[in-house]
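Enquirer: Contents of model-v7.tsv (TSV, C-alpha atoms):
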```tsv
chain	number	residue	atom	x	y	z
A	24	MET	CA	39.38	16.54	42.11
A	25	THR	CA	41.30	14.00	40.46
A	26	GLY	CA	42.90	12.75	37.31
A	27	PRO	CA	41.63	10.31	34.68
A	28	HIS	CA	42.65	7.38	36.85
A	29	MET	CA	40.24	8.38	39.63
A	30	GLU	CA	37.52	9.16	37.07
A	31	THR	CA	37.75	5.60	35.77
A	32	LYS	CA	37.59	4.33	39.33
A	33	LEU	CA	34.48	6.39	39.95
A	34	ASP	CA	32.82	4.81	36.91
A	35	GLU	CA	33.60	1.35	38.21
A	36	TYR	CA	32.53	2.39	41.70
A	37	VAL	CA	29.14	3.41	40.33
A	38	ASP	CA	28.88	0.12	38.43
A	39	GLY	CA	29.77	-1.82	41.56
A	40	THR	CA	32.61	-3.63	39.83
A	41	LEU	CA	35.47	-2.41	42.01
A	42	ALA	CA	37.35	-4.86	44.18
A	43	ALA	CA	36.75	-4.42	47.93
A	44	HIS	CA	40.14	-2.87	48.46
A	45	ASP	CA	39.67	-0.28	45.70
A	46	ARG	CA	36.14	0.39	46.82
A	47	ALA	CA	37.28	1.28	50.31
A	48	SER	CA	39.93	3.54	48.86
A	49	VAL	CA	37.39	5.37	46.66
A	50	GLU	CA	34.96	5.75	49.54
A	51	ALA	CA	37.71	7.27	51.66
A	52	HIS	CA	38.42	9.72	48.88
A	53	LEU	CA	34.75	10.58	48.41
A	54	ALA	CA	34.44	11.43	52.08
A	55	GLU	CA	36.90	14.25	51.52
A	56	CYS	CA	36.19	15.37	47.95
A	57	ALA	CA	32.94	17.21	47.20
A	58	SER	CA	33.76	17.42	43.50
A	59	CYS	CA	34.04	13.64	43.21
A	60	ARG	CA	30.87	13.14	45.24
A	61	ALA	CA	29.08	15.38	42.76
A	62	GLY	CA	30.65	13.40	39.92
A	63	VAL	CA	29.42	10.13	41.40
A	64	ALA	CA	25.93	11.55	41.85
A	65	GLU	CA	25.94	12.64	38.21
A	66	LEU	CA	27.08	9.24	37.00
A	67	GLN	CA	24.45	7.48	39.09
A	68	SER	CA	21.79	9.80	37.73
A	69	LEU	CA	22.96	9.18	34.16
A	70	SER	CA	22.96	5.40	34.56
A	71	ALA	CA	19.55	5.44	36.23
A	72	SER	CA	18.14	7.65	33.44
A	73	ALA	CA	19.56	5.32	30.81
A	74	ALA	CA	18.05	2.28	32.52
A	75	ARG	CA	14.66	4.01	32.62
A	76	LEU	CA	14.56	4.77	28.89
A	77	PRO	CA	11.65	3.02	27.17
A	78	LYS	CA	12.66	-0.51	26.23
A	79	SER	CA	10.22	-0.67	23.39
A	80	ILE	CA	9.77	1.76	20.50
A	81	GLU	CA	7.35	0.82	17.76
A	82	PRO	CA	8.67	1.31	14.22
A	83	ARG	CA	6.92	4.05	12.28
A	84	ARG	CA	5.82	1.53	9.65
A	85	ASP	CA	4.94	-2.12	9.64
A	86	LEU	CA	8.16	-4.00	8.91
A	87	TRP	CA	6.51	-7.41	8.64
A	88	PRO	CA	5.67	-7.30	4.89
A	89	GLY	CA	9.40	-6.96	4.07
A	90	ILE	CA	10.33	-9.72	6.52
A	91	GLY	CA	7.58	-12.02	5.25
A	92	ARG	CA	8.69	-11.46	1.67
A	93	ARG	CA	12.32	-12.22	2.47
A	94	ILE	CA	11.67	-15.39	4.42
A	95	GLY	CA	9.20	-16.51	1.73
A	96	GLN	CA	11.76	-15.98	-1.01
A	97	ARG	CA	14.38	-17.93	0.90
A	98	ALA	CA	12.01	-20.80	1.59
A	99	THR	CA	11.05	-20.98	-2.09
A	100	TRP	CA	14.66	-20.77	-3.15
A	101	ASN	CA	15.64	-23.58	-0.79
A	102	VAL	CA	12.85	-25.83	-2.06
A	103	GLN	CA	13.78	-25.08	-5.65
A	104	ARG	CA	17.42	-25.72	-4.99
A	105	PHE	CA	16.58	-29.04	-3.36
A	106	TRP	CA	14.45	-30.22	-6.26
A	107	ARG	CA	16.90	-28.94	-8.81
A	108	GLY	CA	19.70	-30.94	-7.23
A	109	ALA	CA	17.52	-33.99	-6.69
A	110	TRP	CA	16.28	-34.08	-10.27
A	111	ALA	CA	19.69	-33.40	-11.73
A	112	ALA	CA	21.04	-36.37	-9.83
A	113	ALA	CA	18.06	-38.56	-10.68
A	114	ALA	CA	18.14	-37.71	-14.37
A	115	ALA	CA	21.87	-38.34	-14.59
A	116	LEU	CA	21.44	-41.69	-12.85
A	117	VAL	CA	18.56	-42.78	-15.09
A	118	LEU	CA	20.51	-41.85	-18.18
A	119	ALA	CA	23.64	-43.63	-17.03
A	120	VAL	CA	21.70	-46.78	-16.18
A	121	GLY	CA	19.76	-46.60	-19.42
A	122	ILE	CA	22.84	-46.20	-21.56
A	123	TYR	CA	24.55	-49.01	-19.68
A	124	ARG	CA	21.57	-51.30	-20.29
A	125	LEU	CA	21.44	-50.37	-23.95
A	126	PHE	CA	25.04	-51.13	-24.71
A	127	ARG	CA	25.86	-54.02	-22.39
A	128	VAL	CA	23.59	-56.44	-24.31
A	129	PRO	CA	25.61	-58.20	-27.03
A	130	ARG	CA	23.82	-58.17	-30.37
A	131	SER	CA	23.96	-61.95	-30.54
A	132	ASP	CA	22.17	-62.28	-27.18
A	133	PHE	CA	19.66	-59.50	-27.67
A	134	ARG	CA	16.89	-61.54	-29.17
A	135	VAL	CA	16.98	-63.99	-26.25
A	136	GLY	CA	15.51	-61.47	-23.84
A	137	GLU	CA	14.15	-59.23	-26.51
A	138	GLY	CA	12.25	-56.26	-25.26
A	139	GLN	CA	12.79	-56.67	-21.54
A	140	GLY	CA	15.76	-54.31	-20.98
A	141	TRP	CA	14.58	-52.01	-23.67
A	142	VAL	CA	11.12	-51.56	-22.16
A	143	ALA	CA	12.69	-50.72	-18.77
A	144	VAL	CA	15.00	-48.12	-20.34
A	145	GLN	CA	12.13	-46.46	-22.16
A	146	ALA	CA	9.98	-46.46	-19.01
A	147	ASP	CA	12.80	-44.80	-17.02
A	148	PHE	CA	13.24	-42.21	-19.70
A	149	ASP	CA	9.51	-41.53	-19.98
A	150	ARG	CA	9.17	-41.12	-16.23
A	151	THR	CA	12.18	-38.80	-15.94
A	152	THR	CA	11.19	-36.57	-18.80
A	153	SER	CA	7.61	-36.48	-17.57
A	154	GLU	CA	8.66	-35.35	-14.10
A	155	LEU	CA	11.15	-32.81	-15.43
A	156	GLY	CA	8.45	-31.64	-17.81
A	157	LEU	CA	6.09	-31.04	-14.88
A	158	ILE	CA	8.74	-28.93	-13.12
A	159	PHE	CA	9.28	-26.97	-16.29
A	160	ALA	CA	5.53	-26.47	-16.71
A	161	ALA	CA	5.24	-25.21	-13.13
A	162	GLU	CA	8.17	-22.81	-13.48
A	163	ARG	CA	7.78	-21.69	-17.09
A	164	ALA	CA	5.97	-18.50	-16.07
A	165	ARG	CA	9.26	-17.31	-14.53
A	166	LEU	CA	11.01	-17.47	-17.92
A	167	ARG	CA	10.78	-14.87	-20.61
A	168	PRO	CA	8.25	-15.75	-23.35
A	169	GLU	CA	10.92	-15.84	-26.06
A	170	THR	CA	12.96	-18.31	-23.98
A	171	VAL	CA	9.92	-20.54	-23.54
A	172	ALA	CA	9.23	-20.41	-27.29
A	173	LEU	CA	12.82	-21.38	-28.10
A	174	LEU	CA	12.73	-24.22	-25.58
A	175	GLU	CA	9.50	-25.56	-26.97
A	176	ARG	CA	10.84	-25.49	-30.54
A	177	ASN	CA	13.93	-27.43	-29.47
A	178	LEU	CA	11.89	-29.91	-27.42
A	179	ALA	CA	9.65	-30.50	-30.45
A	180	ILE	CA	12.71	-31.29	-32.62
A	181	ILE	CA	14.10	-33.67	-29.99
A	182	ASP	CA	10.71	-35.33	-29.49
A	183	ALA	CA	10.50	-35.91	-33.27
A	184	ALA	CA	13.97	-37.51	-33.22
A	185	ILE	CA	12.98	-39.71	-30.28
A	186	ALA	CA	9.76	-40.78	-31.98
A	187	GLU	CA	11.62	-41.63	-35.20
A	188	SER	CA	14.32	-43.64	-33.42
A	189	ARG	CA	11.69	-45.50	-31.38
A	190	ALA	CA	9.74	-46.36	-34.51
A	191	ALA	CA	12.92	-47.55	-36.19
A	192	LEU	CA	13.89	-49.60	-33.12
A	193	ALA	CA	10.48	-51.23	-33.17
A	194	ARG	CA	11.32	-52.48	-36.62
A	195	ASP	CA	14.95	-53.44	-35.80
A	196	PRO	CA	15.29	-53.85	-32.01
A	197	ALA	CA	18.84	-55.25	-32.18
A	198	SER	CA	20.35	-52.27	-33.99
A	199	ALA	CA	23.14	-50.74	-31.90
A	200	GLU	CA	23.19	-47.66	-34.13
A	201	LEU	CA	19.48	-47.02	-33.56
A	202	ARG	CA	19.91	-47.47	-29.82
A	203	GLN	CA	22.77	-44.94	-29.93
A	204	LEU	CA	20.57	-42.47	-31.77
A	205	TYR	CA	17.77	-42.98	-29.30
A	206	ALA	CA	20.13	-42.57	-26.30
A	207	ALA	CA	21.58	-39.34	-27.75
A	208	ALA	CA	18.11	-37.86	-28.28
A	209	ALA	CA	16.99	-38.95	-24.80
A	210	ARG	CA	20.08	-37.39	-23.23
A	211	GLN	CA	19.44	-34.13	-25.10
A	212	LYS	CA	15.85	-33.96	-23.89
A	213	VAL	CA	16.77	-34.61	-20.26
A	214	GLU	CA	19.59	-32.06	-20.41
A	215	LEU	CA	17.35	-29.44	-21.96
A	216	LEU	CA	14.61	-29.97	-19.36
A	217	ARG	CA	17.14	-29.86	-16.55
A	218	TRP	CA	18.52	-26.61	-17.91
A	219	ALA	CA	15.03	-25.13	-18.19
A	220	ALA	CA	14.13	-26.13	-14.62
A	221	ARG	CA	17.41	-24.73	-13.31
A	222	VAL	CA	17.08	-21.39	-15.13
A	223	ALA	CA	13.44	-20.99	-14.12
A	224	ALA	CA	14.26	-21.68	-10.48
A	225	SER	CA	17.29	-19.38	-10.28
B	9	MET	CA	-2.89	-12.21	19.41
B	10	HIS	CA	-2.57	-13.83	22.83
B	11	SER	CA	-1.06	-17.19	22.01
B	12	ASP	CA	1.31	-19.00	24.30
B	13	PRO	CA	4.87	-17.89	23.42
B	14	THR	CA	6.22	-21.43	23.71
B	15	ASP	CA	3.55	-22.70	21.36
B	16	LEU	CA	4.29	-19.88	18.93
B	17	ILE	CA	8.00	-20.67	18.98
B	18	GLN	CA	7.40	-24.37	18.39
B	19	ARG	CA	5.00	-23.68	15.54
B	20	ALA	CA	7.42	-21.20	14.00
B	21	GLN	CA	10.20	-23.76	14.29
B	22	GLN	CA	8.04	-26.09	12.20
B	23	GLY	CA	7.77	-23.44	9.49
B	24	ASP	CA	4.51	-21.74	10.52
B	25	ARG	CA	4.92	-18.18	9.24
B	26	THR	CA	1.75	-16.98	10.94
B	27	ALA	CA	3.21	-18.01	14.30
B	28	PHE	CA	6.45	-16.26	13.42
B	29	GLU	CA	4.54	-13.11	12.50
B	30	ALA	CA	2.92	-13.23	15.96
B	31	LEU	CA	6.41	-13.45	17.48
B	32	TYR	CA	7.43	-10.48	15.37
B	33	ARG	CA	4.43	-8.48	16.60
B	34	ALA	CA	5.30	-9.31	20.20
B	35	HIS	CA	9.00	-8.41	19.95
B	36	ALA	CA	9.26	-5.80	17.18
B	37	GLY	CA	9.21	-2.82	19.56
B	38	ARG	CA	12.05	-4.15	21.70
B	39	VAL	CA	14.16	-5.14	18.71
B	40	TYR	CA	13.53	-1.86	16.91
B	41	ALA	CA	14.38	0.19	20.02
B	42	LEU	CA	17.68	-1.65	20.33
B	43	CYS	CA	18.44	-1.19	16.62
B	44	LEU	CA	17.47	2.48	16.73
B	45	ARG	CA	19.73	3.23	19.69
B	46	LEU	CA	22.62	1.21	18.30
B	47	THR	CA	22.47	2.76	14.82
B	48	ALA	CA	21.11	6.22	15.65
B	49	ASP	CA	19.37	6.15	12.30
B	50	ARG	CA	15.71	5.36	11.75
B	51	ALA	CA	16.04	3.92	8.23
B	52	LEU	CA	19.02	1.77	9.23
B	53	ALA	CA	17.18	0.65	12.35
B	54	GLU	CA	14.27	-0.54	10.22
B	55	GLU	CA	16.64	-2.47	7.96
B	56	ARG	CA	18.45	-4.04	10.89
B	57	THR	CA	15.16	-4.97	12.57
B	58	GLN	CA	14.16	-6.81	9.42
B	59	ASP	CA	17.62	-8.42	9.18
B	60	ALA	CA	17.35	-9.57	12.78
B	61	PHE	CA	13.97	-11.25	12.26
B	62	VAL	CA	15.08	-12.88	9.00
B	63	ARG	CA	18.14	-14.25	10.82
B	64	ALA	CA	15.90	-15.40	13.65
B	65	TRP	CA	13.66	-17.27	11.19
B	66	GLU	CA	16.68	-18.95	9.62
B	67	ARG	CA	18.11	-19.97	12.98
B	68	LEU	CA	14.95	-20.85	14.85
B	69	ALA	CA	15.88	-24.52	14.74
B	70	SER	CA	18.95	-23.73	16.85
B	71	PHE	CA	16.85	-22.12	19.61
B	72	ARG	CA	16.58	-24.78	22.31
B	73	GLY	CA	15.01	-22.70	25.04
B	74	GLU	CA	18.08	-22.59	27.31
B	75	SER	CA	17.62	-18.81	27.49
B	76	ALA	CA	14.53	-16.67	27.10
B	77	PHE	CA	13.48	-16.20	23.49
B	78	SER	CA	13.79	-12.44	23.93
B	79	SER	CA	17.41	-12.76	25.12
B	80	TRP	CA	18.23	-15.03	22.19
B	81	LEU	CA	16.56	-12.59	19.80
B	82	HIS	CA	18.38	-9.58	21.27
B	83	ARG	CA	21.72	-11.26	20.81
B	84	LEU	CA	20.82	-11.97	17.19
B	85	THR	CA	19.81	-8.33	16.87
B	86	VAL	CA	23.10	-7.02	18.21
B	87	ASN	CA	24.91	-9.32	15.78
B	88	ALA	CA	22.74	-8.12	12.91
B	89	VAL	CA	23.51	-4.49	13.75
B	90	LEU	CA	27.23	-5.10	14.08
B	91	LEU	CA	27.38	-7.11	10.86
B	92	GLY	CA	25.43	-4.38	9.13
B	93	ARG	CA	27.75	-1.72	10.47
B	94	ARG	CA	30.77	-3.53	9.10
B	95	ALA	CA	29.07	-3.70	5.72
B	96	GLU	CA	28.18	-0.04	5.88
B	97	ARG	CA	31.57	1.23	6.98
B	98	ARG	CA	32.22	2.94	3.71
B	99	ARG	CA	29.01	4.84	3.96
B	100	GLU	CA	29.02	8.13	5.70
B	101	GLN	CA	28.26	7.84	9.37
B	102	ARG	CA	24.79	9.12	10.03
B	103	VAL	CA	23.66	10.57	13.32
B	104	PHE	CA	20.53	12.17	14.57
B	105	THR	CA	20.35	15.88	14.06
B	106	SER	CA	18.26	18.40	15.86
B	107	ASP	CA	15.80	18.56	12.95
B	108	ASP	CA	14.88	14.92	13.46
B	109	PRO	CA	13.91	14.75	17.13
B	110	ALA	CA	10.71	12.82	16.51
B	111	ALA	CA	12.64	9.75	15.51
B	112	LEU	CA	12.96	8.63	19.09
B	113	GLU	CA	9.40	9.01	20.20
B	114	ARG	CA	7.72	6.55	22.47
B	115	PRO	CA	5.34	3.88	21.21
B	116	GLY	CA	2.13	5.16	19.73
B	117	GLY	CA	3.72	8.14	18.07
B	118	ALA	CA	2.90	10.66	20.76
B	119	ASP	CA	5.90	12.18	22.47
B	120	THR	CA	5.37	11.21	26.07
B	121	SER	CA	9.07	11.20	26.98
B	122	SER	CA	10.17	13.61	29.59
B	123	GLY	CA	12.39	16.41	28.40
B	124	SER	CA	15.44	14.93	30.08
B	125	ALA	CA	14.82	11.49	28.54
B	126	LEU	CA	14.57	13.01	25.09
B	127	ASP	CA	17.72	15.03	25.73
B	128	LEU	CA	19.46	11.83	26.77
B	129	GLU	CA	18.24	9.98	23.66
B	130	ARG	CA	19.59	12.76	21.45
B	131	ALA	CA	22.89	12.87	23.29
B	132	VAL	CA	23.28	9.08	23.04
B	133	ALA	CA	22.49	9.23	19.33
B	134	ALA	CA	25.23	11.81	18.82
B	135	LEU	CA	27.93	9.67	20.48
B	136	PRO	CA	30.68	8.09	18.36
B	137	ALA	CA	29.54	4.65	17.22
B	138	GLY	CA	31.80	2.55	19.44
B	139	ALA	CA	31.00	4.51	22.60
B	140	ARG	CA	27.29	4.54	21.74
B	141	GLU	CA	27.13	0.78	21.25
B	142	VAL	CA	28.78	0.03	24.57
B	143	PHE	CA	26.69	2.60	26.44
B	144	VAL	CA	23.43	1.27	24.97
B	145	LEU	CA	24.34	-2.34	25.67
B	146	HIS	CA	25.64	-1.67	29.19
B	147	ASP	CA	23.57	1.15	30.65
B	148	VAL	CA	20.33	0.81	28.68
B	149	GLU	CA	20.13	-2.92	28.03
B	150	GLY	CA	22.01	-4.12	31.10
B	151	TYR	CA	24.68	-6.31	29.49
B	152	ARG	CA	27.91	-6.87	31.43
B	153	HIS	CA	31.28	-5.93	29.94
B	154	GLU	CA	32.15	-9.60	29.48
B	155	GLU	CA	28.96	-10.14	27.48
B	156	ILE	CA	29.57	-7.00	25.42
B	157	ALA	CA	33.09	-8.16	24.67
B	158	GLU	CA	31.76	-11.53	23.51
B	159	LEU	CA	29.01	-9.97	21.41
B	160	THR	CA	31.04	-7.26	19.75
B	161	GLY	CA	34.47	-8.86	19.55
B	162	ILE	CA	36.22	-6.15	21.54
B	163	ALA	CA	38.30	-6.65	24.68
B	164	VAL	CA	36.70	-6.22	28.10
B	165	GLY	CA	39.10	-3.33	28.78
B	166	THR	CA	38.03	-1.65	25.53
B	167	SER	CA	34.39	-2.01	26.53
B	168	LYS	CA	35.11	-0.34	29.88
B	169	ALA	CA	37.07	2.43	28.18
B	170	GLN	CA	34.26	3.05	25.67
B	171	LEU	CA	31.70	3.20	28.48
B	172	PHE	CA	33.85	5.65	30.39
B	173	ARG	CA	34.22	7.77	27.25
B	174	ALA	CA	30.50	7.63	26.50
B	175	ARG	CA	29.53	8.71	30.00
B	176	ARG	CA	32.01	11.55	29.97
B	177	LEU	CA	30.72	12.81	26.61
B	178	LEU	CA	27.12	12.46	27.75
B	179	ARG	CA	27.70	14.38	30.96
B	180	GLU	CA	29.35	17.15	28.96
B	181	ALA	CA	26.51	17.22	26.44
B	182	LEU	CA	23.76	17.21	29.06
B	183	ASN	CA	25.44	19.88	31.19
B	184	ARG	CA	25.71	22.37	28.32
```
Before we go any further, please render this structure as structure tokens.
Expert:
Amino acid sequence: MTGPHMETKLDEYVDGTLAAHDRASVEAHLAECASCRAGVAELQSLSASAARLPKSIEPRRDLWPGIGRRIGQRATWNVQRFWRGAWAAAAALVLAVGIYRLFRVPRSDFRVGEGQGWVAVQADFDRTTSELGLIFAAERARLRPETVALLERNLAIIDAAIAESRAALARDPASAELRQLYAAAARQKVELLRWAARVAAS
Amino acid sequence: MHSDPTDLIQRAQQGDRTAFEALYRAHAGRVYALCLRLTADRALAEERTQDAFVRAWERLASFRGESAFSSWLHRLTVNAVLLGRRAERRREQRVFTSDDPAALERPGGADTSSGSALDLERAVAALPAGAREVFVLHDVEGYRHEEIAELTGIAVGTSKAQLFRARRLLREALNR
């Protein structure tokens, strides 16, 4: 028989990947070498046995529950991440626009269009906090009870500040200081709700 | 379930998990067999089977039907196994031992394999990882060396050398 070089050739011969020239050379050798013929027969038998092995083996347990759980988690996580990002951007935009509207109106001009810009700012704020509040309500079960209690205490304090500044602004709509107080409280509430939604979704 | 595979794939691509479960039921045996032979470890094969189907779910949108779904899925499976192996490199290599022969039974749990087939399964499982992967992909699954090189990131010459090594070791093991 032969060295490693011929053994490699025999493997390729069995696989049918030898060039014509090499194939002829191997066949000439095989005609004279019983040991290599036996080797080729063994390789052919091995390859044929491997190709006949069952292509399908059922797992011993049902693997679907684990797969279903994982793809469900990822889908939920993706939806949460989308909404988290969307609401963060929306809330930031509403706040920026609101603050801009509040402070761009000169005090001397305010009474001319009294109420118009202010009503729009309050409506934006109410809508944003309402929507963030709904997200928080939907996700609050994922937070620890003590975290929810702390959040609710802080939201109650902020809501009281907002209510007070609104009442004061109703009495003195042109007050820049009151508008600043209102904007600060509004920003705090939006930030707190955004934080709560983010933590609950993570 | 006897739904049309194309319909199942389209529904799964639109996010229908029930359709995807039906695809899992249809292909789990093939994917698990591939994972089992590539890893030579039942627990790892179960993990990799799950990994492969999760990856398939995530990438379903990229399946355009140029190849058969099963071919696409098997390529994902090989990738999942190889990625998993890289992650597991620090763990001790696990191989089948003679006290765990039932791990490679045929579907249905009953051992209907011929003695020589079971001997071959055991011998393949005991091969070094690199030689085993190439042997399984080439001789059992029918991939060409060029495809194996592309899938596994090794050179075509390395694939040929690993196959040669695997066959030599198998012949020695089966002739004992």
Enquirer: Figure out the distance between CA of Arg173 (chain B) and CA of Asp147 (chain B), please, to one decimal in Å.
Expert: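 Result for CA of Asp147 (chain B) versus CA of Arg173 (chain B): 13.0 Å, one decimal.
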Enquirer: In file coordinates, which residues lie within 12 Å of (21.6, -2.0, 34.9) using only C-alpha atoms, given as number ranges by chain?
Expert: A: 37-39, 67, 69-76; B: 143-153
Enquirer: Set the cut-off to 8 Å and count all atoms listed in the file: what are the residues of chain A that reach chain B? Output as number ranges by chain.
Expert: A: 31, 34, 65-66, 69-70, 72-83, 86-87, 89-91, 93-94
Enquirer: Write out as a PDB file with C-alpha atoms, keeping the file's coordinate frame the residues lying within 12 Å of Asp45 (chain A), counting all atoms listed in the file and excluding same-chain residues fewer than 5 positions away.
Expert:
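File produced: part-v2.pdb:
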```
ATOM      1  CA  MET A  29      40.240   8.380  39.630  1.00  0.00           C
ATOM      2  CA  THR A  31      37.750   5.600  35.770  1.00  0.00           C
ATOM      3  CA  LYS A  32      37.590   4.330  39.330  1.00  0.00           C
ATOM      4  CA  LEU A  33      34.480   6.390  39.950  1.00  0.00           C
ATOM      5  CA  GLU A  35      33.600   1.350  38.210  1.00  0.00           C
ATOM      6  CA  TYR A  36      32.530   2.390  41.700  1.00  0.00           C
ATOM      7  CA  GLY A  39      29.770  -1.820  41.560  1.00  0.00           C
ATOM      8  CA  THR A  40      32.610  -3.630  39.830  1.00  0.00           C
ATOM      9  CA  GLU A  50      34.960   5.750  49.540  1.00  0.00           C
ATOM     10  CA  ALA A  51      37.710   7.270  51.660  1.00  0.00           C
ATOM     11  CA  HIS A  52      38.420   9.720  48.880  1.00  0.00           C
TER      12      HIS A  52
END
```
Enquirer: Between CA of Ala183 (chain A) and CA of Ala219 (chain A), what is the distance in Å, rounded to a tenth?
Expert: 19.1 Å
Enquirer: Could you work out how far CA of Ala160 (chain A) lies from CA of Ala184 (chain A), giving the answer in Å with one decimal?
Expert: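 A separation of 21.6 Å between them.
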Enquirer: Check the smallest atom-to-atom distance from each of B:Leu90, B:Ala139, B:Leu52, B:Leu31 to Ser78 (chain B) using all atoms listed in the file, then report the winner.
Expert: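 Distance minimum relative to Ser78 (chain B) lands on B:Leu31.
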